[in-house]
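*Asks:* Pasting my_file16.tsv here (TSV, C-alpha atoms):
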```tsv
chain	number	residue	atom	x	y	z
A	1045	MET	CA	-29.55	5.23	11.40
A	1046	ALA	CA	-30.75	8.83	11.81
A	1047	ASP	CA	-33.60	9.84	9.55
A	1048	LYS	CA	-32.41	13.39	8.89
A	1049	ILE	CA	-29.11	15.11	8.20
A	1050	THR	CA	-28.18	18.79	8.18
A	1051	LEU	CA	-26.56	20.54	5.24
A	1052	GLU	CA	-24.74	23.84	5.68
A	1053	VAL	CA	-24.89	25.43	2.27
A	1054	ALA	CA	-22.75	28.42	1.28
A	1055	ARG	CA	-24.97	31.26	0.10
A	1056	TYR	CA	-23.94	34.39	-1.74
A	1057	SER	CA	-26.22	36.80	-3.47
A	1058	PRO	CA	-24.28	39.36	-5.52
A	1059	GLU	CA	-27.12	41.86	-5.25
A	1060	GLN	CA	-27.35	41.78	-1.45
A	1061	ASP	CA	-24.39	40.13	0.26
A	1062	GLY	CA	-20.96	41.55	0.93
A	1063	GLU	CA	-19.62	38.06	1.53
A	1064	PRO	CA	-20.91	34.47	1.59
A	1065	ARG	CA	-22.78	33.03	4.59
A	1066	PHE	CA	-23.98	29.52	5.46
A	1067	ASP	CA	-27.65	28.52	5.62
A	1068	ARG	CA	-28.64	25.31	7.39
A	1069	TYR	CA	-31.19	22.90	5.95
A	1070	GLU	CA	-32.43	19.61	7.36
A	1071	VAL	CA	-33.03	16.98	4.71
A	1072	PRO	CA	-34.29	13.37	4.88
A	1073	LEU	CA	-31.47	10.88	5.12
A	1074	ILE	CA	-32.45	8.41	2.43
A	1075	GLU	CA	-30.21	5.46	1.65
A	1076	ASN	CA	-28.36	5.97	-1.65
A	1077	TRP	CA	-29.12	9.69	-1.71
A	1078	MET	CA	-26.20	11.75	-2.89
A	1079	VAL	CA	-25.34	15.29	-1.78
A	1080	LEU	CA	-26.77	16.46	-5.12
A	1081	ASP	CA	-30.10	14.76	-4.30
A	1082	ALA	CA	-30.15	16.63	-1.01
A	1083	LEU	CA	-29.46	19.94	-2.78
A	1084	ASN	CA	-32.29	19.25	-5.22
A	1085	TYR	CA	-34.56	18.41	-2.26
A	1086	ILE	CA	-33.67	21.78	-0.70
A	1087	LYS	CA	-34.34	23.60	-3.97
A	1088	ASP	CA	-37.65	21.81	-4.59
A	1089	GLN	CA	-39.04	21.66	-1.04
A	1090	LEU	CA	-37.30	24.12	1.26
A	1091	ASP	CA	-35.72	27.07	-0.53
A	1092	GLY	CA	-36.07	27.63	-4.26
A	1093	THR	CA	-33.43	30.36	-4.28
A	1094	VAL	CA	-30.49	27.98	-3.65
A	1095	THR	CA	-28.41	28.03	-6.84
A	1096	PHE	CA	-26.08	25.30	-8.11
A	1097	ARG	CA	-25.06	23.61	-11.36
A	1098	TRP	CA	-25.89	20.03	-12.22
A	1099	SER	CA	-26.90	17.98	-15.22
A	1100	CYS	CA	-26.26	14.27	-15.77
A	1101	ARG	CA	-26.33	12.89	-12.18
A	1102	MET	CA	-23.92	10.11	-13.16
A	1103	GLY	CA	-20.41	11.56	-12.98
A	1104	ILE	CA	-20.05	12.31	-16.67
A	1105	CYS	CA	-20.98	15.96	-17.28
A	1106	GLY	CA	-18.65	17.42	-14.64
A	1107	SER	CA	-20.96	20.27	-13.67
A	1108	CYS	CA	-21.82	19.45	-10.04
A	1109	GLY	CA	-18.32	19.76	-8.57
A	1110	MET	CA	-18.32	21.41	-5.13
A	1111	VAL	CA	-16.33	21.39	-1.93
A	1112	VAL	CA	-17.96	18.95	0.52
A	1113	ASN	CA	-16.64	19.10	4.08
A	1114	GLY	CA	-13.44	20.68	2.78
A	1115	HIS	CA	-12.80	18.28	-0.11
A	1116	GLU	CA	-13.53	18.62	-3.81
A	1117	ARG	CA	-16.21	16.18	-4.89
A	1118	LEU	CA	-18.70	15.56	-7.67
A	1119	THR	CA	-21.84	15.88	-5.55
A	1120	CYS	CA	-23.73	13.40	-7.76
A	1121	GLU	CA	-21.46	10.60	-6.54
A	1122	THR	CA	-21.00	11.66	-2.92
A	1123	LEU	CA	-23.21	9.71	-0.53
A	1124	LEU	CA	-24.94	11.60	2.27
A	1125	ALA	CA	-24.59	8.55	4.52
A	1126	ASP	CA	-20.79	8.81	4.32
A	1127	TYR	CA	-20.97	12.02	6.35
A	1128	LEU	CA	-23.04	10.80	9.28
A	1129	PRO	CA	-23.93	12.23	11.74
A	1130	GLY	CA	-23.37	15.49	9.84
A	1131	PRO	CA	-23.60	18.37	9.36
A	1132	ILE	CA	-22.35	18.42	5.78
A	1133	ARG	CA	-20.81	21.70	4.68
A	1134	VAL	CA	-21.24	22.39	0.95
A	1135	GLU	CA	-19.19	25.20	-0.60
A	1136	PRO	CA	-18.44	26.36	-4.13
A	1137	LEU	CA	-15.17	25.24	-5.75
A	1138	ARG	CA	-12.16	27.18	-4.51
A	1139	HIS	CA	-10.09	29.78	-6.39
A	1140	PHE	CA	-12.84	30.75	-8.87
A	1141	PRO	CA	-14.99	33.86	-8.31
A	1142	VAL	CA	-18.39	33.01	-6.82
A	1143	MET	CA	-21.26	34.17	-9.05
A	1144	ARG	CA	-24.07	33.01	-6.74
A	1145	ASP	CA	-24.30	30.45	-3.92
A	1146	LEU	CA	-22.51	27.34	-5.26
A	1147	VAL	CA	-21.96	28.58	-8.82
A	1148	VAL	CA	-18.48	29.78	-9.78
A	1149	ASP	CA	-17.29	31.74	-12.81
A	1150	LEU	CA	-15.30	29.34	-15.02
A	1151	SER	CA	-14.31	31.92	-17.68
A	1152	ASP	CA	-10.64	31.73	-16.72
A	1153	PHE	CA	-10.54	27.96	-17.15
A	1154	MET	CA	-12.39	28.15	-20.47
A	1155	GLU	CA	-9.87	30.68	-21.79
A	1156	LYS	CA	-6.97	28.47	-20.69
A	1157	LEU	CA	-8.51	25.37	-22.18
A	1158	GLU	CA	-8.85	27.07	-25.56
A	1159	ARG	CA	-5.26	28.30	-25.36
A	1160	VAL	CA	-3.87	24.71	-25.29
A	1161	LYS	CA	-5.81	23.78	-28.47
A	1162	PRO	CA	-7.50	20.61	-27.22
A	1163	TRP	CA	-8.34	19.24	-30.63
A	1164	ILE	CA	-6.51	17.26	-33.31
A	1165	ILE	CA	-4.22	19.51	-35.30
A	1166	ARG	CA	-2.95	18.45	-38.72
A	1167	GLN	CA	-0.05	20.30	-40.28
A	1168	PRO	CA	-1.05	22.56	-43.16
A	1169	GLY	CA	-0.35	20.70	-46.36
A	1170	ALA	CA	-0.37	17.30	-44.68
A	1171	PRO	CA	-1.86	14.81	-47.14
A	1172	GLU	CA	-5.58	14.27	-46.69
A	1173	PRO	CA	-6.22	10.71	-45.54
A	1174	SER	CA	-8.17	8.64	-48.03
A	1175	ARG	CA	-9.80	6.67	-45.20
A	1176	GLU	CA	-10.15	6.84	-41.42
A	1177	PHE	CA	-6.99	6.95	-39.31
A	1178	ILE	CA	-5.97	3.56	-38.03
A	1179	GLN	CA	-4.89	3.44	-34.39
A	1180	THR	CA	-3.51	0.41	-32.59
A	1181	PRO	CA	-4.63	-0.45	-29.03
A	1182	GLU	CA	-1.14	0.56	-27.88
A	1183	GLN	CA	-1.48	3.98	-29.51
A	1184	LEU	CA	-4.89	4.41	-27.89
A	1185	ALA	CA	-3.50	3.41	-24.50
A	1186	GLU	CA	-0.92	6.21	-24.76
A	1187	TYR	CA	-3.50	8.97	-24.36
A	1188	LYS	CA	-6.65	7.22	-23.13
A	1189	GLN	CA	-6.16	8.10	-19.46
A	1190	TYR	CA	-5.98	11.82	-20.25
A	1191	SER	CA	-9.01	11.67	-22.57
A	1192	LEU	CA	-11.19	10.76	-19.58
A	1193	CYS	CA	-11.03	14.33	-18.24
A	1194	ILE	CA	-14.55	15.78	-17.96
A	1195	ASN	CA	-13.55	19.41	-17.28
A	1196	CYS	CA	-15.09	19.36	-13.80
A	1197	VAL	CA	-12.22	21.57	-12.56
A	1198	LEU	CA	-11.99	19.88	-9.17
A	1199	CYS	CA	-8.24	19.82	-9.86
A	1200	TYR	CA	-8.07	23.62	-10.14
A	1201	SER	CA	-9.91	23.95	-6.85
A	1202	ALA	CA	-7.46	21.58	-5.16
A	1203	CYS	CA	-4.36	23.27	-6.61
A	1204	PRO	CA	-2.84	25.87	-4.25
A	1205	VAL	CA	-0.51	27.03	-7.02
A	1206	TYR	CA	-3.51	28.10	-9.09
A	1207	GLY	CA	-4.98	29.73	-5.98
A	1208	LEU	CA	-1.81	31.74	-5.39
A	1209	ASP	CA	-1.05	32.46	-9.05
A	1210	PRO	CA	-4.14	32.53	-11.28
A	1211	HIS	CA	-1.95	32.87	-14.38
A	1212	PHE	CA	-0.87	29.21	-14.02
A	1213	ILE	CA	-2.27	27.19	-16.92
A	1214	GLY	CA	-3.42	24.55	-14.43
A	1215	PRO	CA	-3.91	20.78	-14.24
A	1216	ALA	CA	-6.85	19.91	-16.53
A	1217	ALA	CA	-5.71	22.13	-19.42
A	1218	SER	CA	-2.25	20.50	-19.18
A	1219	ALA	CA	-3.69	16.98	-19.12
A	1220	LEU	CA	-5.90	17.68	-22.14
A	1221	SER	CA	-3.05	19.32	-23.98
A	1222	LEU	CA	-0.91	16.20	-23.48
A	1223	ARG	CA	-3.85	14.01	-24.46
A	1224	TYR	CA	-3.70	15.43	-28.00
A	1225	ASN	CA	0.10	15.43	-28.15
A	1226	LEU	CA	0.07	11.69	-27.42
A	1227	ASP	CA	-2.55	10.99	-30.08
A	1228	SER	CA	-0.95	9.35	-33.13
A	1229	ARG	CA	-3.26	11.37	-35.42
A	1230	ASP	CA	-2.13	14.73	-34.05
A	1231	GLN	CA	0.65	16.97	-35.37
A	1232	GLY	CA	0.20	19.99	-33.09
A	1233	ALA	CA	2.62	19.22	-30.23
A	1234	GLU	CA	4.95	22.06	-31.18
A	1235	GLN	CA	2.13	24.65	-31.16
A	1236	ARG	CA	0.98	23.49	-27.74
A	1237	LEU	CA	4.51	23.48	-26.36
A	1238	ASP	CA	4.70	27.22	-27.15
A	1239	VAL	CA	1.91	27.73	-24.59
A	1240	MET	CA	2.89	25.04	-22.11
A	1241	ALA	CA	6.63	25.81	-21.92
A	1242	GLN	CA	6.09	29.44	-20.91
A	1243	HIS	CA	6.64	30.52	-17.32
A	1244	ASP	CA	2.89	30.47	-16.62
A	1245	GLY	CA	2.71	27.06	-18.24
A	1246	VAL	CA	3.94	23.86	-16.67
A	1247	TRP	CA	6.92	25.45	-14.91
A	1248	ASP	CA	4.65	27.02	-12.28
A	1249	CYS	CA	3.71	23.56	-11.00
A	1250	THR	CA	5.50	22.63	-7.75
A	1251	VAL	CA	4.36	18.97	-7.79
A	1252	ILE	CA	2.01	19.00	-4.83
A	1253	GLY	CA	-0.05	16.31	-6.58
A	1254	GLU	CA	-3.44	17.08	-5.01
A	1255	CYS	CA	-4.93	17.55	-8.52
A	1256	SER	CA	-4.43	13.85	-9.21
A	1257	VAL	CA	-5.80	12.88	-5.78
A	1258	VAL	CA	-9.14	14.68	-6.24
A	1259	CYS	CA	-9.75	13.73	-9.90
A	1260	PRO	CA	-13.01	11.74	-10.02
A	1261	LYS	CA	-12.03	10.10	-13.33
A	1262	HIS	CA	-8.55	9.01	-12.15
A	1263	VAL	CA	-6.78	11.17	-14.68
A	1264	ASP	CA	-3.27	12.06	-13.50
A	1265	PRO	CA	-2.76	15.75	-14.38
A	1266	SER	CA	0.32	15.94	-12.17
A	1267	LEU	CA	2.06	13.29	-14.29
A	1268	ALA	CA	0.99	15.13	-17.47
A	1269	ILE	CA	2.60	18.35	-16.24
A	1270	GLN	CA	5.87	16.63	-15.30
A	1271	GLU	CA	5.96	14.86	-18.68
A	1272	TYR	CA	5.50	18.25	-20.29
A	1273	LYS	CA	8.44	19.60	-18.31
A	1274	ILE	CA	10.60	16.79	-19.74
A	1275	SER	CA	9.38	17.55	-23.30
A	1276	ALA	CA	10.04	21.28	-22.83
A	1277	THR	CA	13.55	20.59	-21.53
A	1278	LYS	CA	14.30	18.24	-24.44
A	1279	ALA	CA	13.03	20.85	-26.93
A	1280	TRP	CA	15.18	23.53	-25.28
A	1281	PHE	CA	18.34	21.40	-25.49
A	1282	LYS	CA	17.54	20.38	-29.05
A	1283	ASN	CA	17.17	24.03	-29.96
A	1284	LEU	CA	20.44	24.89	-28.19
A	1285	LEU	CA	22.46	22.15	-29.86
A	1286	MET	CA	20.73	22.33	-33.22
A	1287	PRO	CA	19.44	25.89	-33.73
A	1288	GLY	CA	16.18	25.76	-35.58
A	1289	GLY	CA	15.21	22.60	-33.72
A	1290	GLY	CA	17.21	20.33	-36.01
A	1291	LYS	CA	14.68	20.61	-38.76
B	314	MET	CA	-28.01	50.94	-26.17
B	315	PRO	CA	-27.51	49.72	-22.60
B	316	SER	CA	-26.33	46.15	-22.26
B	317	ALA	CA	-29.01	43.60	-21.47
B	318	VAL	CA	-26.52	41.46	-19.60
B	319	PRO	CA	-27.36	41.55	-15.87
B	320	ARG	CA	-24.65	43.05	-13.71
B	321	TYR	CA	-23.27	40.89	-11.00
B	322	ARG	CA	-20.43	41.27	-8.56
B	323	PRO	CA	-18.65	37.94	-8.21
B	324	TYR	CA	-17.14	37.23	-4.83
B	325	GLU	CA	-13.36	36.92	-5.08
B	326	ARG	CA	-11.81	34.76	-2.40
B	327	ARG	CA	-8.26	34.97	-1.13
B	328	MET	CA	-6.14	32.04	-0.04
B	329	PRO	CA	-5.98	31.86	3.77
B	330	LEU	CA	-2.52	32.42	5.23
B	331	LEU	CA	-2.47	28.92	6.69
B	332	TRP	CA	-3.71	27.14	3.54
B	333	TRP	CA	-0.86	24.66	3.84
B	334	LEU	CA	-2.36	23.27	7.06
B	335	GLN	CA	-5.66	22.40	5.38
B	336	ARG	CA	-4.53	19.07	3.93
B	337	TRP	CA	-1.76	16.62	4.64
B	338	ASN	CA	-0.59	16.82	1.00
B	339	TYR	CA	-0.13	20.60	1.29
B	340	THR	CA	1.72	20.30	4.61
B	341	TRP	CA	3.94	17.57	3.13
B	342	PHE	CA	4.79	19.93	0.26
B	343	ILE	CA	5.70	22.82	2.58
B	344	LEU	CA	7.87	20.50	4.73
B	345	ARG	CA	9.56	19.25	1.54
B	346	GLU	CA	10.35	22.82	0.51
B	347	LEU	CA	11.54	23.67	4.04
B	348	SER	CA	13.82	20.61	4.05
B	349	SER	CA	15.85	22.24	1.24
B	350	ALA	CA	17.24	24.73	3.80
B	351	PHE	CA	18.64	21.81	5.83
B	352	VAL	CA	20.12	20.26	2.69
B	353	ALA	CA	21.87	23.61	2.06
B	354	TRP	CA	23.17	23.58	5.67
B	355	TRP	CA	24.56	20.07	5.15
B	356	VAL	CA	26.36	21.21	1.97
B	357	VAL	CA	27.92	24.17	3.83
B	358	VAL	CA	29.09	21.89	6.70
B	359	THR	CA	30.57	19.43	4.19
B	360	LEU	CA	32.44	22.21	2.38
B	361	ILE	CA	33.85	23.51	5.69
B	362	GLN	CA	34.83	19.93	6.61
B	363	ILE	CA	36.68	19.42	3.31
B	364	ALA	CA	38.42	22.80	3.68
B	365	SER	CA	39.60	21.90	7.21
B	366	ILE	CA	40.87	18.48	6.06
B	367	LEU	CA	42.86	20.17	3.30
B	368	GLU	CA	44.28	22.67	5.82
B	369	GLY	CA	45.75	19.98	8.07
B	370	PRO	CA	45.19	17.97	11.26
B	371	GLN	CA	45.03	21.06	13.51
B	372	ALA	CA	42.28	22.67	11.46
B	373	TYR	CA	40.36	19.39	11.35
B	374	ALA	CA	40.61	19.03	15.15
B	375	ALA	CA	39.19	22.56	15.46
B	376	PHE	CA	36.35	21.58	13.10
B	377	GLN	CA	35.61	18.50	15.21
B	378	ALA	CA	35.56	20.60	18.39
B	379	TRP	CA	33.19	23.06	16.69
B	380	MET	CA	30.88	20.24	15.65
B	381	ALA	CA	30.86	18.80	19.18
B	382	GLN	CA	29.02	21.83	20.59
B	383	PRO	CA	25.60	20.89	21.97
B	384	LEU	CA	23.81	23.47	19.81
B	385	LEU	CA	25.41	22.13	16.62
B	386	ILE	CA	24.64	18.56	17.62
B	387	ILE	CA	20.95	19.51	17.95
B	388	VAL	CA	21.01	21.40	14.65
B	389	ASN	CA	22.62	18.42	12.93
B	390	ILE	CA	20.13	15.93	14.38
B	391	VAL	CA	17.25	18.09	13.12
B	392	SER	CA	19.05	18.46	9.76
B	393	PHE	CA	19.50	14.70	9.51
B	394	ILE	CA	15.78	14.13	10.05
B	395	PHE	CA	14.87	16.72	7.45
B	396	ILE	CA	17.43	15.42	4.93
B	397	LEU	CA	16.01	11.93	5.40
B	398	PHE	CA	12.54	13.36	4.82
B	399	HIS	CA	13.81	15.30	1.78
B	400	THR	CA	15.24	12.12	0.26
B	401	LEU	CA	12.15	10.02	0.92
B	402	SER	CA	9.78	12.74	-0.32
B	403	TRP	CA	11.63	12.95	-3.65
B	404	PHE	CA	11.76	9.18	-3.97
B	405	ARG	CA	8.00	9.17	-3.37
B	406	LEU	CA	7.57	11.87	-5.97
B	407	VAL	CA	9.52	10.32	-8.85
B	408	PRO	CA	6.86	7.75	-9.88
B	409	GLN	CA	4.32	10.59	-9.70
B	410	ALA	CA	6.45	12.70	-12.02
B	411	MET	CA	7.73	10.23	-14.62
B	412	LEU	CA	7.08	6.71	-15.78
B	413	PRO	CA	9.81	5.98	-18.30
B	414	ARG	CA	9.36	3.50	-21.11
B	415	ILE	CA	11.27	0.25	-21.26
B	416	GLY	CA	10.99	-1.56	-24.58
B	417	GLY	CA	8.19	0.76	-25.71
B	418	LYS	CA	6.05	0.07	-22.63
B	419	ARG	CA	5.56	2.39	-19.68
B	420	THR	CA	6.98	1.10	-16.41
B	421	SER	CA	4.81	0.88	-13.32
B	422	ALA	CA	5.15	3.19	-10.33
B	423	VAL	CA	6.75	0.34	-8.32
B	424	MET	CA	9.32	-0.35	-11.07
B	425	THR	CA	10.24	3.34	-11.18
B	426	GLY	CA	10.39	3.84	-7.42
B	427	ALA	CA	11.89	0.57	-6.16
B	428	PRO	CA	15.37	0.84	-7.80
B	429	MET	CA	16.01	4.14	-6.02
B	430	TYR	CA	15.38	2.58	-2.61
B	431	VAL	CA	17.63	-0.37	-3.52
B	432	VAL	CA	20.50	1.90	-4.64
B	433	TRP	CA	20.00	4.03	-1.50
B	434	ALA	CA	20.13	0.98	0.78
B	435	VAL	CA	23.26	-0.42	-0.94
B	436	ALA	CA	25.01	2.99	-0.82
B	437	SER	CA	24.12	3.35	2.89
B	438	VAL	CA	25.59	-0.10	3.68
B	439	VAL	CA	28.81	0.74	1.78
B	440	VAL	CA	29.17	4.10	3.60
B	441	ALA	CA	28.40	2.41	6.95
B	442	CYS	CA	31.10	-0.22	6.25
B	443	PHE	CA	33.65	2.54	5.56
B	444	ALA	CA	32.63	4.45	8.67
B	445	LEU	CA	32.83	1.35	10.89
B	446	GLY	CA	36.18	0.32	9.37
B	447	VAL	CA	34.94	-2.94	7.82
B	448	PHE	CA	36.86	-2.18	4.59
```
Is it possible to express this structure as structure tokens?
*Replies:*
Amino acid sequence: MADKITLEVARYSPEQDGEPRFDRYEVPLIENWMVLDALNYIKDQLDGTVTFRWSCRMGICGSCGMVVNGHERLTCETLLADYLPGPIRVEPLRHFPVMRDLVVDLSDFMEKLERVKPWIIRQPGAPEPSREFIQTPEQLAEYKQYSLCINCVLCYSACPVYGLDPHFIGPAASALSLRYNLDSRDQGAEQRLDVMAQHDGVWDCTVIGECSVVCPKHVDPSLAIQEYKISATKAWFKNLLMPGGGK
Amino acid sequence: MPSAVPRYRPYERRMPLLWWLQRWNYTWFILRELSSAFVAWWVVVTLIQIASILEGPQAYAAFQAWMAQPLLIIVNIVSFIFILFHTLSWFRLVPQAMLPRIGGKRTSAVMTGAPMYVVWAVASVVVACFALGVF
């Protein structure tokens, strides 16, 4: 096995560069080293100006998502050895503005996430529970898959619809929105549907499905969006046949 | 008072024109969309065929002669391939788009997808039997 591997790292300095470039770094090829370890080696030993986000190093925090050799990956769980003989091209996530090097501006995603109200909503006036909510394993299973989303936004980077139309609410926000709708303690589905059933909501999705392919936590945002389409259609028909939603 | 927030100029990227060639999933999607044009062509041909049948044997003979042109044969072969692709791509997509509940439990992707292939195969055999004069 080779003892070194080359990384081509996308660099962009907003103060100096008109557009990104690639800098090459040679790093030791150590067994079990991840791409993130190599980036930290570069920052510590070769070039302290290389900028990237990271935190937990164990696939939980969702901050080290980048595009590695053209595919969205959490760099903390992407082995260097899988890319032998190299070079490994590391780029920032697609579709988001690049702030510096491998760091993208996630403001748009944060705004969208807030819009879908990803928290438990109780109807005003709903009786206060006298004890904790009881949930059966079946009720938990309904939403558990979607609750595993770590907001790493790899799905947004892999979604060409979001790339072509940045108004699209996008995969992770949809999955998290459905996660609360499916929670037996929640009563906010109608409020979320107001956001999700708009044109820029789920209807923009053309079912390419790459969001579900790249998800490192095996969440299925594509399924969430299609389920939302069914809910929106049902609500529309209900409203048509029973004006006022049959309340 | 001037803002203390440092000014930066984020780099905005545009989607490349050939983005749909970057991954097989993207290309598959574009081919699926393109196949809709061939489905539309098949609908038009079927409507013309029905109209000529209703008009009488002479009109239907003219339709058959029209369809026997080499160019139309090529177009129809290509259409057939794309319609087949269209069908299979939507069958493949259904379990990705919905997993209905049976008796309160969600069905698996196989349980959602398999019945469509079975119905398709049975329908194809029935149509083939009619076409070959078995019935």
*Asks:* Could you list, with a cut-off of 10 Å and counting all atoms listed in the file, the residues of chain B near chain A, each shown with its nearest atom pair and the distance in Å rounded to one decimal, rows sorted by chain and ascending number, as a tab-separated table?
*Replies:*
```
residue	atom	partner	partner_atom	distance
B:Arg320	CA	A:Glu1059	CA	8.9
B:Tyr321	CA	A:Pro1058	CA	5.8
B:Arg322	CA	A:Pro1058	CA	5.3
B:Pro323	CA	A:Met1143	CA	4.7
B:Tyr324	CA	A:Val1142	CA	4.8
B:Glu325	CA	A:Pro1141	CA	4.7
B:Arg326	CA	A:His1139	CA	6.6
B:Arg327	CA	A:His1139	CA	7.6
B:Met328	CA	A:Gly1207	CA	6.5
B:Trp332	CA	A:Pro1204	CA	7.9
B:Trp333	CA	A:Pro1204	CA	8.4
B:Gln335	CA	A:Gly1114	CA	8.4
B:Arg336	CA	A:Gly1114	CA	9.1
B:Trp337	CA	A:Glu1254	CA	9.8
B:Asn338	CA	A:Glu1254	CA	6.7
B:Tyr339	CA	A:Ile1252	CA	6.7
B:Thr340	CA	A:Ile1252	CA	9.5
B:Trp341	CA	A:Ile1252	CA	8.3
B:Phe342	CA	A:Ile1252	CA	5.9
B:Ile343	CA	A:Ile1252	CA	9.1
B:Arg345	CA	A:Ile1252	CA	9.9
B:Glu346	CA	A:Thr1250	CA	9.6
B:Leu406	CA	A:Val1251	CA	8.0
B:Val407	CA	A:Leu1267	CA	9.7
B:Pro408	CA	A:Leu1267	CA	8.6
B:Gln409	CA	A:Leu1267	CA	5.8
B:Ala410	CA	A:Leu1267	CA	5.0
B:Met411	CA	A:Glu1271	CA	6.4
B:Leu412	CA	A:Leu1267	CA	8.4
B:Pro413	CA	A:Glu1271	CA	9.7
B:Gly417	CA	A:Glu1182	CA	9.6
B:Lys418	CA	A:Glu1182	CA	8.9
B:Arg419	CA	A:Glu1186	CA	9.1
```
*Asks:* Compare A:Arg1159, A:Arg1236, A:Arg1133, A:Arg1101 by their minimum atom-to-atom distance to A:Arg1068, counting only C-alpha atoms, and give me the closest one.
*Replies:*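 Between A:Arg1159, A:Arg1236, A:Arg1133, A:Arg1101, the residue approaching A:Arg1068 most closely is A:Arg1133.
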*Asks:* So how many Å separate atom CA of B:Pro329 and atom CA of A:Cys1259, to one decimal?
*Replies:*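 Computing the Euclidean distance for atom CA of B:Pro329 and atom CA of A:Cys1259 yields 23.0 Å.
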*Asks:* Mind giving me the straight-line distance from atom CA of B:Phe404 to atom CA of A:Pro1260 in Å, one decimal?
*Replies:*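 These two atoms are separated by 25.6 Å.
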*Asks:* Near A:Trp1247, within 12 Å and counting only C-alpha atoms, which residues show up once chain neighbours fewer than 2 positions away are dropped, as a PyMOL selection string?
*Replies:* chain A and resi 1205+1211-1215+1218+1237+1239-1245+1249-1251+1266+1269-1277
*Asks:* Do you know which residues are at most 12 Å from stretch 1170-1174 of chain A counting only C-alpha atoms, after dropping those on the same chain fewer than 6 positions away, and could you put them as number ranges by chain?
*Replies:* A: 1229-1232
*Asks:* Determine, counting all atoms listed in the file, which protein, DNA and RNA residues have an atom within 8 Å of an atom of A:Asn1076; residues of the same chain fewer than 3 positions away are not included. Present the result as a PyMOL selection string.
*Replies:* chain A and resi 1123-1125
*Asks:* Here is a test: counting all atoms listed in the file, which residue of A:Asp1081, A:Glu1070, A:Glu1052, A:Asp1209 is nearest to A:Val1112?
*Replies:* A:Glu1052
*Asks:* Expressed in Å to a single decimal, how great is the separation between atom CA of A:His1262 and atom CA of A:Leu1137?
*Replies:*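 About the pair atom CA of A:His1262 and atom CA of A:Leu1137: they are 18.7 Å apart.
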